[in-house]
Amino acid sequence: MSDDVSDAAARNLPLRHSDEIQGDVLAGFRKDHETVVLLRFPDDPAPVRQWLARLIPQLATTRQVAAFNNDFSAARRNLAGTDPVGLRATWVNLSLTYSGLKFLMGTEPFPDQTQDGVKAFVLGASARADINGDGGESAPERWLFGRADQPVHAVLTVASDSRELLEVRASELRVAAAHGGLTVVFEQVGATLPGDRKGHEHFGFKDGISNPGVADFDRPDPDHPEQVAGKPGTRIVPAGEFVVGLPLLQRPDPGLPEWAKNGSFQVVRRLAQDVPAWWAQVAAARRTLDQAGVELPVGSGAEWVAARAVGRWRSGASVAHNPNAEPPTKPGAPDDNLISYADDKEGHTTPVFAHIRKTNPRDHFGPDHKVADTRRIIRRGIPYGQPFDPAAGPGHGPDADRGLVFVAYMSDLAFQFEFLQSAWINNTGFPPPGQNGKDPVIGQDSDVNLKLDTVPDGKPLHFAQFVRTEGTIYAFAPAISTLRDLAQRRP
Ligand code: N7H
């Protein structure tokens, strides 16, 4: 597994030892509790630089987080899969928005703004709402953060094993920020869901199964060097897809300034999920199919349709390998991620509109995965709010706030995140040919065309959007040395 690398193997994986790249990007904090604190700078840069200088030694590097995750996995293995209680850490990372970077640099950070990814970062997420499909109820004027009238300069990502430890650390960070004259514009707390729902998102599906492997960070499988050892199906892509200045798969190097090297662009999005409404429409879709006489596995119910919408069953088992029913979960088995769409071009098993197929078409366009691999992002999301369970009392009902704190890293906001949103998720024509529908989990309202061996021309099913955008920030997590230069006002 990516976090399970022996000392000997780690020596040949130079990015595991990076003291430059911040820790959440490649290693991933992977904690049960996380908060994202959005900060605004005061007018005077001097106290902000002092705040930054004091903060830098507290920022988690890739070396620290990778080593911790490695120890944690080893201990977990020795404890037959339970979490080692004594091994705890609280991590902090810092990213800056365009206006935050410009403020600290005292000059234009990107003299050349012709490149699309740079343009997206400079303009910010609210100006890119049309591209990202953020209209109507998801329009920026309604956002809780990231609106044009509500500047954010810096983003602290804080993660810990317990809520108490997180709260202590977050309050220390808030006090330090206040000393520097910074104000908290918004704070979004997230936590893994309780009990057996740990690791699952609010609709009920296991999340965090498929993230890209990264060259020089993840150990390649000796027999299949294009995949991560111990993680069948997890493809290794060049690190430059996520970290600026490192090798890319096939795009030309965008030629970003030297200070950006070893940094990563970050998207933070609060995505509200209307759980009962989404499931009600899944059940309605099932009734439509039953009434149309479409033959489906007996007793499979709404779950069958929901699994088609996601591409996985609730447990994370793929529809590709388990078309008819959710299989019993096997303890200790690697995640079901060795998925091919090569023999399912029409999507009779995994629909071409399924969320995991829209966002990573894998080998749909060819065995080299190139179309998919250049658009990958590293996802570090965590749920917020209580699970939907009205009988459990206040906070669990249909009107309570709940959803996903979506956090993702990449080296180009336009080429990766924005492209996924506009060209794949919200494009009824993707994948060509024909009109297949938008993503029925996170996309805008649309009909999807469900094709089956027995219904090769497809049956239209309507999916309305029950994931609403409530805020978005584009930020950049600079290398530690760049942050040091900014604290000392070196250009
Ligand atoms: Fe998605 N969901 O509950 O259905 N996502 N996602 N996502 N998502 C994935 O494979 C979900 C969102 C991706 O490589 C799983 O790890 C929800 C955005 C990508 O096969 C589940 C929300 C974007 C993958 C969900 C949400 C993506 C992925 C299966 C919002 C990009 C990996 C678990 C509330 C812009 C695909 C897994 C692959 C997987 C859900 C948001 C992208 C269950 C509820 C905004 C690339």
# chains A, B, ... in the order shown; residues from 1 in each chain; ligands from 1
>>> closest_atom_pairs(of="chain A", to="ligand 1", cutoff="6 Å", atoms="only C-alpha atoms and all ligand atoms", output="tab-separated table")
residue	atom	partner	partner_atom_place_in_ligand_line	distance
A:Glu201	CA	ligand 1	3 (O)	5.7
A:Phe203	CA	ligand 1	3 (O)	5.7
A:Phe205	CA	ligand 1	43 (C)	4.6
A:Lys206	CA	ligand 1	43 (C)	5.4
A:Asp207	CA	ligand 1	33 (C)	3.8
A:Gly208	CA	ligand 1	16 (O)	3.7
A:Ile209	CA	ligand 1	16 (O)	3.4
A:Ser210	CA	ligand 1	16 (O)	3.9
A:Asn211	CA	ligand 1	14 (O)	6.0
A:Leu271	CA	ligand 1	34 (C)	5.2
A:Gln273	CA	ligand 1	34 (C)	5.8
A:Val310	CA	ligand 1	4 (O)	4.9
A:Ile356	CA	ligand 1	36 (C)	4.0
A:Thr359	CA	ligand 1	46 (C)	4.5
A:Asn360	CA	ligand 1	38 (C)	4.9
A:Gly403	CA	ligand 1	34 (C)	5.8
A:Leu404	CA	ligand 1	34 (C)	5.0
A:Phe417	CA	ligand 1	35 (C)	5.4
A:Leu420	CA	ligand 1	35 (C)	5.5
A:Gln421	CA	ligand 1	35 (C)	5.4
A:Val441	CA	ligand 1	4 (O)	5.7
A:Ile442	CA	ligand 1	30 (C)	5.8
A:Val467	CA	ligand 1	34 (C)	5.7
>>> select_by_dssp(residues="stretch 58-121 of chain A", states="alpha helix (DSSP H)", output="ChimeraX atom specification")
/A:62-78,98-105,116-121
>>> write_last_selection(atoms="N, CA and C atoms", output="compact mmCIF listing (two decimals), in the first residue's frame")
# COMPACT_ATOMS: atom_id res chain seq x y z
N THR A 62 6.09 16.46 3.83
CA THR A 62 5.82 15.12 3.29
C THR A 62 6.63 14.08 4.05
N ARG A 63 7.89 14.41 4.38
CA ARG A 63 8.72 13.44 5.10
C ARG A 63 8.04 13.02 6.41
N GLN A 64 7.57 14.00 7.16
CA GLN A 64 6.97 13.67 8.47
C GLN A 64 5.69 12.85 8.32
N VAL A 65 4.83 13.29 7.42
CA VAL A 65 3.52 12.62 7.31
C VAL A 65 3.69 11.22 6.71
N ALA A 66 4.58 11.11 5.72
CA ALA A 66 4.79 9.79 5.10
C ALA A 66 5.35 8.81 6.14
N ALA A 67 6.31 9.27 6.95
CA ALA A 67 6.91 8.38 7.96
C ALA A 67 5.86 7.98 8.99
N PHE A 68 5.04 8.94 9.41
CA PHE A 68 4.01 8.62 10.40
C PHE A 68 3.01 7.61 9.83
N ASN A 69 2.55 7.86 8.61
CA ASN A 69 1.54 6.96 8.01
C ASN A 69 2.10 5.55 7.86
N ASN A 70 3.40 5.49 7.56
CA ASN A 70 4.05 4.20 7.42
C ASN A 70 4.06 3.44 8.76
N ASP A 71 4.46 4.15 9.82
CA ASP A 71 4.49 3.53 11.17
C ASP A 71 3.08 3.11 11.58
N PHE A 72 2.11 3.98 11.26
CA PHE A 72 0.74 3.72 11.66
C PHE A 72 0.23 2.43 10.98
N SER A 73 0.52 2.30 9.68
CA SER A 73 0.06 1.10 8.95
C SER A 73 0.72 -0.15 9.51
N ALA A 74 2.02 -0.04 9.83
CA ALA A 74 2.74 -1.20 10.36
C ALA A 74 2.13 -1.60 11.70
N ALA A 75 1.86 -0.62 12.56
CA ALA A 75 1.29 -0.92 13.88
C ALA A 75 -0.10 -1.53 13.73
N ARG A 76 -0.85 -1.00 12.80
CA ARG A 76 -2.22 -1.49 12.57
C ARG A 76 -2.19 -2.96 12.14
N ARG A 77 -1.19 -3.27 11.32
CA ARG A 77 -1.07 -4.66 10.86
C ARG A 77 -0.80 -5.58 12.05
N ASN A 78 0.07 -5.11 12.96
CA ASN A 78 0.38 -5.92 14.15
C ASN A 78 -0.81 -6.05 15.09
N TYR A 98 -4.53 33.66 -4.39
CA TYR A 98 -3.78 34.58 -5.24
C TYR A 98 -3.55 35.91 -4.51
N SER A 99 -4.61 36.45 -3.88
CA SER A 99 -4.42 37.76 -3.24
C SER A 99 -3.51 37.64 -2.02
N GLY A 100 -3.53 36.49 -1.35
CA GLY A 100 -2.62 36.28 -0.22
C GLY A 100 -1.17 36.23 -0.68
N LEU A 101 -0.93 35.54 -1.78
CA LEU A 101 0.44 35.44 -2.32
C LEU A 101 0.94 36.82 -2.76
N LYS A 102 0.07 37.55 -3.44
CA LYS A 102 0.46 38.85 -3.97
C LYS A 102 0.80 39.82 -2.83
N PHE A 103 -0.01 39.73 -1.78
CA PHE A 103 0.20 40.58 -0.60
C PHE A 103 1.57 40.31 0.01
N LEU A 104 1.91 39.04 0.18
CA LEU A 104 3.18 38.70 0.83
C LEU A 104 4.37 38.93 -0.09
N MET A 105 4.17 38.78 -1.39
CA MET A 105 5.27 39.00 -2.33
C MET A 105 5.51 40.48 -2.55
N ASP A 116 -3.97 28.84 -18.76
CA ASP A 116 -5.33 28.71 -18.22
C ASP A 116 -5.39 28.44 -16.72
N GLY A 117 -4.50 27.55 -16.26
CA GLY A 117 -4.48 27.20 -14.84
C GLY A 117 -4.14 28.42 -13.98
N VAL A 118 -3.20 29.23 -14.47
CA VAL A 118 -2.81 30.46 -13.76
C VAL A 118 -3.99 31.43 -13.76
N LYS A 119 -4.64 31.53 -14.92
CA LYS A 119 -5.80 32.43 -15.03
C LYS A 119 -6.87 32.04 -14.01
N ALA A 120 -7.15 30.74 -13.90
CA ALA A 120 -8.16 30.26 -12.96
C ALA A 120 -7.79 30.66 -11.54
N PHE A 121 -6.53 30.48 -11.19
CA PHE A 121 -6.07 30.79 -9.83
C PHE A 121 -6.18 32.29 -9.56
>>> closest_atom_pairs(of="stretch 399-481 of chain A", to="stretch 136-154 of chain A", cutoff="6 Å", atoms="only C-alpha atoms", output="JSON lines")
{"residue": "A:Arg468", "atom": "CA", "partner": "A:Ser138", "partner_atom": "CA", "distance": 5.3}
{"residue": "A:Thr469", "atom": "CA", "partner": "A:Ser138", "partner_atom": "CA", "distance": 4.7}
{"residue": "A:Glu470", "atom": "CA", "partner": "A:Trp143", "partner_atom": "CA", "distance": 4.6}
{"residue": "A:Gly471", "atom": "CA", "partner": "A:Trp143", "partner_atom": "CA", "distance": 4.6}
{"residue": "A:Thr472", "atom": "CA", "partner": "A:Gly146", "partner_atom": "CA", "distance": 5.3}
{"residue": "A:Ile473", "atom": "CA", "partner": "A:Gly146", "partner_atom": "CA", "distance": 5.4}
>>> residues_around(residues="A:Leu52", least_positions_apart="5", cutoff="12 Å", atoms="only C-alpha atoms", output="PyMOL selection string")
chain A and resi 41+45-47+57-59+93-96+100+104+154+156+173+176-177+179-182+480+482-489
>>> closest_residue(among="A:Arg40, A:Lys459, A:His33, A:Arg375", to="A:Val294", atoms="only C-alpha atoms")
A:Lys459
>>> select_by_dssp(residues="stretch 324-424 of chain A", states="strand (DSSP E)", output="PDB file with all heavy atoms, in the first residue's frame")
ATOM      1  N   ILE A 378      -5.645  14.577  -6.638  1.00  0.00           N
ATOM      2  CA  ILE A 378      -5.518  13.861  -5.363  1.00  0.00           C
ATOM      3  C   ILE A 378      -6.631  14.364  -4.451  1.00  0.00           C
ATOM      4  O   ILE A 378      -6.723  15.562  -4.181  1.00  0.00           O
ATOM      5  CB  ILE A 378      -4.131  14.084  -4.746  1.00  0.00           C
ATOM      6  CG1 ILE A 378      -3.092  13.391  -5.619  1.00  0.00           C
ATOM      7  CG2 ILE A 378      -4.089  13.583  -3.302  1.00  0.00           C
ATOM      8  CD1 ILE A 378      -1.678  13.473  -5.121  1.00  0.00           C
ATOM      9  N   ARG A 379      -7.508  13.463  -4.033  1.00  0.00           N
ATOM     10  CA  ARG A 379      -8.671  13.848  -3.216  1.00  0.00           C
ATOM     11  C   ARG A 379      -8.382  13.617  -1.740  1.00  0.00           C
ATOM     12  O   ARG A 379      -7.895  12.559  -1.357  1.00  0.00           O
ATOM     13  CB  ARG A 379      -9.901  13.030  -3.620  1.00  0.00           C
ATOM     14  CG  ARG A 379     -10.412  13.344  -5.008  1.00  0.00           C
ATOM     15  CD  ARG A 379     -11.585  12.462  -5.390  1.00  0.00           C
ATOM     16  NE  ARG A 379     -11.238  11.062  -5.308  1.00  0.00           N
ATOM     17  CZ  ARG A 379     -11.966  10.141  -4.689  1.00  0.00           C
ATOM     18  NH1 ARG A 379     -13.080  10.460  -4.080  1.00  0.00           N
ATOM     19  NH2 ARG A 379     -11.576   8.891  -4.662  1.00  0.00           N
ATOM     20  N   ILE A 382     -13.344  15.070   3.432  1.00  0.00           N
ATOM     21  CA  ILE A 382     -13.841  14.498   4.697  1.00  0.00           C
ATOM     22  C   ILE A 382     -15.281  14.983   4.879  1.00  0.00           C
ATOM     23  O   ILE A 382     -15.591  16.120   4.511  1.00  0.00           O
ATOM     24  CB  ILE A 382     -12.910  14.914   5.869  1.00  0.00           C
ATOM     25  CG1 ILE A 382     -13.251  14.152   7.153  1.00  0.00           C
ATOM     26  CG2 ILE A 382     -12.936  16.416   6.128  1.00  0.00           C
ATOM     27  CD1 ILE A 382     -12.127  14.156   8.191  1.00  0.00           C
ATOM     28  N   PRO A 383     -16.171  14.132   5.412  1.00  0.00           N
ATOM     29  CA  PRO A 383     -17.555  14.606   5.585  1.00  0.00           C
ATOM     30  C   PRO A 383     -17.667  15.675   6.676  1.00  0.00           C
ATOM     31  O   PRO A 383     -16.810  15.770   7.556  1.00  0.00           O
ATOM     32  CB  PRO A 383     -18.312  13.346   6.027  1.00  0.00           C
ATOM     33  CG  PRO A 383     -17.421  12.193   5.734  1.00  0.00           C
ATOM     34  CD  PRO A 383     -16.021  12.717   5.778  1.00  0.00           C
ATOM     35  N   TYR A 384     -18.740  16.462   6.604  1.00  0.00           N
ATOM     36  CA  TYR A 384     -19.104  17.332   7.733  1.00  0.00           C
ATOM     37  C   TYR A 384     -20.567  17.058   8.062  1.00  0.00           C
ATOM     38  O   TYR A 384     -21.331  16.602   7.211  1.00  0.00           O
ATOM     39  CB  TYR A 384     -18.862  18.819   7.396  1.00  0.00           C
ATOM     40  CG  TYR A 384     -19.781  19.391   6.357  1.00  0.00           C
ATOM     41  CD1 TYR A 384     -20.985  20.012   6.708  1.00  0.00           C
ATOM     42  CD2 TYR A 384     -19.470  19.313   5.005  1.00  0.00           C
ATOM     43  CE1 TYR A 384     -21.843  20.527   5.746  1.00  0.00           C
ATOM     44  CE2 TYR A 384     -20.311  19.821   4.036  1.00  0.00           C
ATOM     45  CZ  TYR A 384     -21.503  20.420   4.410  1.00  0.00           C
ATOM     46  OH  TYR A 384     -22.354  20.925   3.465  1.00  0.00           O
ATOM     47  N   GLY A 403     -22.570  17.126   4.452  1.00  0.00           N
ATOM     48  CA  GLY A 403     -22.019  17.029   3.110  1.00  0.00           C
ATOM     49  C   GLY A 403     -20.550  16.666   3.153  1.00  0.00           C
ATOM     50  O   GLY A 403     -20.080  16.028   4.103  1.00  0.00           O
ATOM     51  N   LEU A 404     -19.856  17.089   2.112  1.00  0.00           N
ATOM     52  CA  LEU A 404     -18.445  16.739   1.975  1.00  0.00           C
ATOM     53  C   LEU A 404     -17.605  18.012   1.937  1.00  0.00           C
ATOM     54  O   LEU A 404     -17.922  18.934   1.182  1.00  0.00           O
ATOM     55  CB  LEU A 404     -18.260  15.967   0.657  1.00  0.00           C
ATOM     56  CG  LEU A 404     -16.878  15.405   0.385  1.00  0.00           C
ATOM     57  CD1 LEU A 404     -16.590  14.193   1.290  1.00  0.00           C
ATOM     58  CD2 LEU A 404     -16.735  14.977  -1.076  1.00  0.00           C
ATOM     59  N   VAL A 405     -16.553  18.040   2.787  1.00  0.00           N
ATOM     60  CA  VAL A 405     -15.535  19.079   2.617  1.00  0.00           C
ATOM     61  C   VAL A 405     -14.592  18.503   1.570  1.00  0.00           C
ATOM     62  O   VAL A 405     -13.769  17.638   1.868  1.00  0.00           O
ATOM     63  CB  VAL A 405     -14.754  19.356   3.925  1.00  0.00           C
ATOM     64  CG1 VAL A 405     -13.896  20.598   3.769  1.00  0.00           C
ATOM     65  CG2 VAL A 405     -15.657  19.454   5.131  1.00  0.00           C
ATOM     66  N   PHE A 406     -14.804  18.933   0.339  1.00  0.00           N
ATOM     67  CA  PHE A 406     -14.009  18.397  -0.776  1.00  0.00           C
ATOM     68  C   PHE A 406     -12.692  19.166  -0.815  1.00  0.00           C
ATOM     69  O   PHE A 406     -12.680  20.393  -0.892  1.00  0.00           O
ATOM     70  CB  PHE A 406     -14.806  18.589  -2.074  1.00  0.00           C
ATOM     71  CG  PHE A 406     -14.062  18.212  -3.324  1.00  0.00           C
ATOM     72  CD1 PHE A 406     -14.076  16.901  -3.785  1.00  0.00           C
ATOM     73  CD2 PHE A 406     -13.357  19.167  -4.054  1.00  0.00           C
ATOM     74  CE1 PHE A 406     -13.403  16.553  -4.953  1.00  0.00           C
ATOM     75  CE2 PHE A 406     -12.694  18.818  -5.221  1.00  0.00           C
ATOM     76  CZ  PHE A 406     -12.708  17.512  -5.667  1.00  0.00           C
ATOM     77  N   VAL A 407     -11.588  18.432  -0.688  1.00  0.00           N
ATOM     78  CA  VAL A 407     -10.255  19.055  -0.780  1.00  0.00           C
ATOM     79  C   VAL A 407      -9.493  18.278  -1.834  1.00  0.00           C
ATOM     80  O   VAL A 407      -9.483  17.038  -1.799  1.00  0.00           O
ATOM     81  CB  VAL A 407      -9.499  18.983   0.570  1.00  0.00           C
ATOM     82  CG1 VAL A 407      -8.090  19.548   0.437  1.00  0.00           C
ATOM     83  CG2 VAL A 407     -10.264  19.718   1.669  1.00  0.00           C
ATOM     84  N   ALA A 408      -8.904  18.968  -2.805  1.00  0.00           N
ATOM     85  CA  ALA A 408      -8.151  18.252  -3.840  1.00  0.00           C
ATOM     86  C   ALA A 408      -6.887  19.030  -4.185  1.00  0.00           C
ATOM     87  O   ALA A 408      -6.840  20.264  -4.058  1.00  0.00           O
ATOM     88  CB  ALA A 408      -9.012  18.062  -5.082  1.00  0.00           C
ATOM     89  N   TYR A 409      -5.851  18.286  -4.592  1.00  0.00           N
ATOM     90  CA  TYR A 409      -4.567  18.883  -4.994  1.00  0.00           C
ATOM     91  C   TYR A 409      -4.257  18.503  -6.431  1.00  0.00           C
ATOM     92  O   TYR A 409      -4.573  17.379  -6.871  1.00  0.00           O
ATOM     93  CB  TYR A 409      -3.438  18.374  -4.088  1.00  0.00           C
ATOM     94  CG  TYR A 409      -3.585  18.815  -2.657  1.00  0.00           C
ATOM     95  CD1 TYR A 409      -4.168  17.967  -1.703  1.00  0.00           C
ATOM     96  CD2 TYR A 409      -3.179  20.076  -2.249  1.00  0.00           C
ATOM     97  CE1 TYR A 409      -4.313  18.368  -0.384  1.00  0.00           C
ATOM     98  CE2 TYR A 409      -3.327  20.490  -0.935  1.00  0.00           C
ATOM     99  CZ  TYR A 409      -3.886  19.634  -0.009  1.00  0.00           C
ATOM    100  OH  TYR A 409      -4.042  20.044   1.291  1.00  0.00           O
ATOM    101  N   MET A 410      -3.603  19.416  -7.122  1.00  0.00           N
ATOM    102  CA  MET A 410      -3.252  19.183  -8.535  1.00  0.00           C
ATOM    103  C   MET A 410      -2.243  20.241  -8.945  1.00  0.00           C
ATOM    104  O   MET A 410      -2.035  21.219  -8.216  1.00  0.00           O
ATOM    105  CB  MET A 410      -4.512  19.275  -9.401  1.00  0.00           C
ATOM    106  CG  MET A 410      -5.114  20.665  -9.429  1.00  0.00           C
ATOM    107  SD  MET A 410      -6.900  20.656  -9.598  1.00  0.00           S
ATOM    108  CE  MET A 410      -7.436  20.158  -7.968  1.00  0.00           C
TER     109      MET A 410
END
>>> atom_distance(atom1="atom CA of A:Tyr341", atom2="atom CA of A:Ser318")
11.5 Å
>>> atom_distance(atom1="atom CA of A:Val455", atom2="atom CA of A:Thr349")
11.7 Å
>>> decode(residues="stretch 85-95 of chain A", atoms="all heavy atoms", output="short mmCIF file (atom, residue, chain, number, x, y, z; two decimals), in the first residue's frame")
data_model
loop_
_atom_site.label_atom_id
_atom_site.label_comp_id
_atom_site.auth_asym_id
_atom_site.auth_seq_id
_atom_site.Cartn_x
_atom_site.Cartn_y
_atom_site.Cartn_z
N VAL A 85 -3.66 3.04 19.45
CA VAL A 85 -4.16 4.20 20.20
C VAL A 85 -3.04 5.20 20.50
O VAL A 85 -3.24 6.40 20.50
CB VAL A 85 -4.78 3.76 21.55
CG1 VAL A 85 -5.79 4.76 22.05
CG2 VAL A 85 -5.39 2.38 21.45
N GLY A 86 -1.83 4.67 20.78
CA GLY A 86 -0.75 5.57 21.21
C GLY A 86 -0.18 6.41 20.08
O GLY A 86 0.49 7.41 20.35
N LEU A 87 -0.38 6.02 18.85
CA LEU A 87 0.24 6.74 17.74
C LEU A 87 -0.68 7.87 17.28
O LEU A 87 -1.66 7.63 16.59
CB LEU A 87 0.46 5.79 16.57
CG LEU A 87 1.85 5.25 16.33
CD1 LEU A 87 1.87 4.42 15.06
CD2 LEU A 87 2.88 6.35 16.26
N ARG A 88 -0.34 9.08 17.67
CA ARG A 88 -1.23 10.19 17.34
C ARG A 88 -0.42 11.34 16.76
O ARG A 88 0.75 11.50 17.09
CB ARG A 88 -1.94 10.69 18.59
CG ARG A 88 -2.89 9.65 19.08
CD ARG A 88 -3.61 10.08 20.32
NE ARG A 88 -4.80 9.28 20.42
CZ ARG A 88 -6.01 9.75 20.67
NH1 ARG A 88 -6.19 11.02 20.87
NH2 ARG A 88 -7.04 8.95 20.73
N ALA A 89 -1.05 12.11 15.95
CA ALA A 89 -0.39 13.30 15.41
C ALA A 89 -1.43 14.33 15.05
O ALA A 89 -2.57 13.99 14.74
CB ALA A 89 0.41 12.93 14.16
N THR A 90 -1.03 15.58 15.14
CA THR A 90 -1.89 16.67 14.68
C THR A 90 -1.08 17.43 13.64
O THR A 90 0.06 17.83 13.92
CB THR A 90 -2.27 17.59 15.86
OG1 THR A 90 -2.94 16.78 16.83
CG2 THR A 90 -3.21 18.69 15.42
N TRP A 91 -1.62 17.56 12.48
CA TRP A 91 -0.87 18.14 11.35
C TRP A 91 -1.47 19.48 10.93
O TRP A 91 -2.69 19.66 10.99
CB TRP A 91 -0.92 17.22 10.14
CG TRP A 91 -0.44 15.82 10.30
CD1 TRP A 91 -1.16 14.69 10.04
CD2 TRP A 91 0.88 15.36 10.66
NE1 TRP A 91 -0.37 13.58 10.22
CE2 TRP A 91 0.88 13.95 10.60
CE3 TRP A 91 2.06 16.02 11.03
CZ2 TRP A 91 2.01 13.19 10.90
CZ3 TRP A 91 3.17 15.26 11.32
CH2 TRP A 91 3.14 13.87 11.25
N VAL A 92 -0.60 20.35 10.42
CA VAL A 92 -1.04 21.65 9.92
C VAL A 92 -0.39 21.91 8.56
O VAL A 92 0.81 21.65 8.40
CB VAL A 92 -0.63 22.81 10.88
CG1 VAL A 92 -1.21 24.13 10.40
CG2 VAL A 92 -1.07 22.53 12.30
N ASN A 93 -1.15 22.38 7.61
CA ASN A 93 -0.60 22.87 6.34
C ASN A 93 -1.16 24.25 6.07
O ASN A 93 -2.22 24.62 6.60
CB ASN A 93 -0.99 21.95 5.17
CG ASN A 93 0.05 20.86 4.90
OD1 ASN A 93 -0.10 20.04 4.01
ND2 ASN A 93 1.12 20.85 5.68
N LEU A 94 -0.42 25.00 5.24
CA LEU A 94 -0.84 26.37 4.90
C LEU A 94 -0.88 26.54 3.39
O LEU A 94 0.08 26.17 2.70
CB LEU A 94 0.16 27.37 5.49
CG LEU A 94 -0.04 28.83 5.05
CD1 LEU A 94 -1.28 29.43 5.69
CD2 LEU A 94 1.18 29.67 5.39
N SER A 95 -1.96 27.09 2.90
CA SER A 95 -1.96 27.49 1.49
C SER A 95 -2.42 28.94 1.39
O SER A 95 -3.01 29.48 2.34
CB SER A 95 -2.81 26.55 0.65
OG SER A 95 -4.03 26.32 1.27
#
